[in-house]
Amino acid sequence: MHGNGASTDVVISGLGFLLPGATGKDEAWRVLAAGDSQVRTLPDELRGGPGAAGRCRAGARVTGFDHRRHLPDLPDNHAKRYSRDILMVLAAVEQACADAGVRPGDVDPDRLAVIGSCSRGPVEWWSQTCAGRVPDPRYPPIDVEEAIFASLPGTPAALSAIRLGARGMVTTLSNACVGGHQAIGLGAELLRAGTGDVVIAVGYEAPFVPEMLRLYSSPTSRVLS
């Protein structure tokens, strides 16, 4: 979002998407316009095996994501520290900036902000590295220094800010389904107040891991699956 401190106008100038069946703005619009549902039956390994009980049997998943296609400058030794959901956010931010024509150095770093939203944080990271830890030889030991940063809900916004060189407000809201709306609203208010020129608003969730599906499939859960 771009703003102008001399007026109250706020413009959404760039969009970035990494969604099921759509890895960019044009693909997202095409899927929506065609009414092409991306909901499919979830694989057994996510649901706990063949015949597993539970109500969460279908969902829309992002498949085939390769961060190198979207973030060719990101060193492999840096990318391997973070889970797929974090890298997906970085890729979407990269798309939005390219769509808006915003490049590093174009905006005063003190007037560039990143506002994120996520209800649970990088649950794929927790699932891949911490689930069922009793020590399990299938998983390498957890690097505590890397884990502290990789496991935080605010890490995608923070990493995006580092890549952009942003020194304005960098924060992440966590408020379930309304968080994304609030991130956009907070960004718009920053622009209207004249405290920034550009705000990157980020929203992400990647909940299809076995632990989350078991939670929503509990017989005592009254949450819609």
# chains A, B, ... in the order shown; residues from 1 in each chain; ligands from 1
$ residues_around --residues "stretch 145-155 of chain A" --least-positions-apart "3" --cutoff "6 Å" --atoms "only C-alpha atoms" --output "list of chain:residue names"
A:Tyr82, A:Gly121, A:Ala158, A:Leu159, A:Thr172
$ select_by_dssp --residues "stretch 40-217 of chain A" --states "strand (DSSP E or B)" --output "MDAnalysis selection string"
chainID A and resid 40:41 58:60 112:117 170:173 198:203
$ atom_distance --atom1 "atom CA of A:Gly64" --atom2 "atom CA of A:Val209"
16.3 Å
$ residues_around --residues "A:Val199" --least-positions-apart "6" --cutoff "7 Å" --atoms "only C-alpha atoms" --output "list in words"
Met1, His2, Leu112, Ala113, Val114 and Gly187 of chain A
$ write_last_selection --atoms "all heavy atoms" --output "short mmCIF file (atom, residue, chain, number, x, y, z; two decimals), in the first residue's frame"
data_model
loop_
_atom_site.label_atom_id
_atom_site.label_comp_id
_atom_site.auth_asym_id
_atom_site.auth_seq_id
_atom_site.Cartn_x
_atom_site.Cartn_y
_atom_site.Cartn_z
N MET A 1 0.85 -1.19 0.00
CA MET A 1 0.00 0.00 0.00
C MET A 1 0.88 1.23 0.00
O MET A 1 1.86 1.31 0.73
CB MET A 1 -0.90 0.03 1.23
CG MET A 1 -1.88 -1.13 1.31
SD MET A 1 -3.01 -0.96 2.73
CE MET A 1 -1.88 -1.20 4.09
N HIS A 2 0.52 2.20 -0.82
CA HIS A 2 1.22 3.48 -0.86
C HIS A 2 0.32 4.55 -0.26
O HIS A 2 -0.89 4.50 -0.36
CB HIS A 2 1.53 3.88 -2.31
CG HIS A 2 2.73 3.22 -2.88
ND1 HIS A 2 2.78 1.88 -3.15
CD2 HIS A 2 3.95 3.73 -3.25
CE1 HIS A 2 3.96 1.58 -3.67
NE2 HIS A 2 4.68 2.67 -3.73
N LEU A 112 9.11 2.95 5.55
CA LEU A 112 8.66 1.68 4.96
C LEU A 112 8.34 0.72 6.11
O LEU A 112 9.18 0.46 6.96
CB LEU A 112 9.76 1.09 4.07
CG LEU A 112 9.53 -0.30 3.48
CD1 LEU A 112 8.28 -0.33 2.60
CD2 LEU A 112 10.75 -0.73 2.67
N ALA A 113 7.09 0.22 6.15
CA ALA A 113 6.63 -0.62 7.25
C ALA A 113 6.19 -1.99 6.72
O ALA A 113 5.80 -2.13 5.56
CB ALA A 113 5.48 0.05 7.99
N VAL A 114 6.23 -2.99 7.62
CA VAL A 114 5.74 -4.33 7.29
C VAL A 114 4.82 -4.77 8.44
O VAL A 114 5.26 -4.89 9.58
CB VAL A 114 6.89 -5.34 7.14
CG1 VAL A 114 6.33 -6.72 6.78
CG2 VAL A 114 7.89 -4.89 6.09
N GLY A 187 -2.16 -0.72 8.52
CA GLY A 187 -1.30 -0.14 7.49
C GLY A 187 -1.90 1.12 6.89
O GLY A 187 -1.20 2.12 6.69
#
$ atom_distance --atom1 "atom CA of A:Val39" --atom2 "atom CA of A:Arg57"
10.1 Å
$ select_by_dssp --residues "stretch 63-185 of chain A" --states "alpha helix (DSSP H)" --output "PyMOL selection string"
chain A and resi 67-70+76-79+84-100+123-129+144-150+155-164+179-185
$ write_last_selection --atoms "C-alpha atoms" --output "PDB file, in the first residue's frame"
ATOM      1  CA  HIS A  67      11.319 -20.981  -3.142  1.00  0.00           C
ATOM      2  CA  ARG A  68      14.188 -20.791  -5.650  1.00  0.00           C
ATOM      3  CA  ARG A  69      11.755 -19.858  -8.398  1.00  0.00           C
ATOM      4  CA  HIS A  70      10.566 -16.833  -6.410  1.00  0.00           C
ATOM      5  CA  ASP A  76      20.592 -22.073   0.249  1.00  0.00           C
ATOM      6  CA  ASN A  77      22.273 -22.041   3.671  1.00  0.00           C
ATOM      7  CA  HIS A  78      19.862 -19.282   4.689  1.00  0.00           C
ATOM      8  CA  ALA A  79      16.733 -20.838   3.163  1.00  0.00           C
ATOM      9  CA  ARG A  84       8.066 -23.758   3.678  1.00  0.00           C
ATOM     10  CA  ASP A  85       5.389 -21.482   5.143  1.00  0.00           C
ATOM     11  CA  ILE A  86       7.980 -18.821   6.035  1.00  0.00           C
ATOM     12  CA  LEU A  87       9.544 -19.002   2.568  1.00  0.00           C
ATOM     13  CA  MET A  88       6.093 -18.728   0.987  1.00  0.00           C
ATOM     14  CA  VAL A  89       5.508 -15.424   2.783  1.00  0.00           C
ATOM     15  CA  LEU A  90       8.863 -14.069   1.595  1.00  0.00           C
ATOM     16  CA  ALA A  91       7.962 -15.079  -1.960  1.00  0.00           C
ATOM     17  CA  ALA A  92       4.538 -13.391  -1.787  1.00  0.00           C
ATOM     18  CA  VAL A  93       6.107 -10.172  -0.465  1.00  0.00           C
ATOM     19  CA  GLU A  94       8.622 -10.306  -3.311  1.00  0.00           C
ATOM     20  CA  GLN A  95       5.726 -10.582  -5.788  1.00  0.00           C
ATOM     21  CA  ALA A  96       3.825  -7.669  -4.223  1.00  0.00           C
ATOM     22  CA  CYS A  97       6.871  -5.397  -4.322  1.00  0.00           C
ATOM     23  CA  ALA A  98       7.567  -6.303  -7.953  1.00  0.00           C
ATOM     24  CA  ASP A  99       3.907  -5.684  -8.845  1.00  0.00           C
ATOM     25  CA  ALA A 100       4.060  -2.274  -7.152  1.00  0.00           C
ATOM     26  CA  VAL A 123       3.091 -24.503  12.412  1.00  0.00           C
ATOM     27  CA  GLU A 124       4.857 -26.394   9.618  1.00  0.00           C
ATOM     28  CA  TRP A 125       8.133 -25.636  11.376  1.00  0.00           C
ATOM     29  CA  TRP A 126       6.815 -27.013  14.661  1.00  0.00           C
ATOM     30  CA  SER A 127       5.426 -30.090  12.933  1.00  0.00           C
ATOM     31  CA  GLN A 128       8.610 -30.824  11.011  1.00  0.00           C
ATOM     32  CA  THR A 129      11.066 -30.275  13.842  1.00  0.00           C
ATOM     33  CA  VAL A 144      18.423 -23.767  19.497  1.00  0.00           C
ATOM     34  CA  GLU A 145      19.767 -20.506  18.085  1.00  0.00           C
ATOM     35  CA  GLU A 146      18.023 -21.088  14.762  1.00  0.00           C
ATOM     36  CA  ALA A 147      14.882 -22.404  16.452  1.00  0.00           C
ATOM     37  CA  ILE A 148      14.328 -19.257  18.506  1.00  0.00           C
ATOM     38  CA  PHE A 149      13.854 -17.177  15.351  1.00  0.00           C
ATOM     39  CA  ALA A 150      12.356 -19.792  13.023  1.00  0.00           C
ATOM     40  CA  THR A 155       9.489 -14.178  11.719  1.00  0.00           C
ATOM     41  CA  PRO A 156       8.022 -13.877   8.168  1.00  0.00           C
ATOM     42  CA  ALA A 157       7.345 -10.151   8.634  1.00  0.00           C
ATOM     43  CA  ALA A 158      10.738  -9.618  10.267  1.00  0.00           C
ATOM     44  CA  LEU A 159      12.594 -11.450   7.492  1.00  0.00           C
ATOM     45  CA  SER A 160      10.625  -9.521   4.868  1.00  0.00           C
ATOM     46  CA  ALA A 161      11.623  -6.266   6.564  1.00  0.00           C
ATOM     47  CA  ILE A 162      15.269  -7.337   6.618  1.00  0.00           C
ATOM     48  CA  ARG A 163      15.183  -8.155   2.903  1.00  0.00           C
ATOM     49  CA  LEU A 164      13.522  -4.796   2.140  1.00  0.00           C
ATOM     50  CA  GLY A 179      -6.092 -10.512  11.717  1.00  0.00           C
ATOM     51  CA  GLY A 180      -5.586  -9.954   7.990  1.00  0.00           C
ATOM     52  CA  HIS A 181      -8.245  -7.241   7.904  1.00  0.00           C
ATOM     53  CA  GLN A 182      -6.635  -5.612  10.925  1.00  0.00           C
ATOM     54  CA  ALA A 183      -3.186  -5.673   9.288  1.00  0.00           C
ATOM     55  CA  ILE A 184      -4.591  -3.852   6.252  1.00  0.00           C
ATOM     56  CA  GLY A 185      -6.448  -1.401   8.499  1.00  0.00           C
TER      57      GLY A 185
END
$ closest_residue --among "A:Val11, A:Val170, A:Ala206, A:Met212" --to "A:Ala60" --atoms "only C-alpha atoms"
A:Ala206
$ atom_distance --atom1 "atom CA of A:Gly21" --atom2 "atom CA of A:Leu173"
26.6 Å
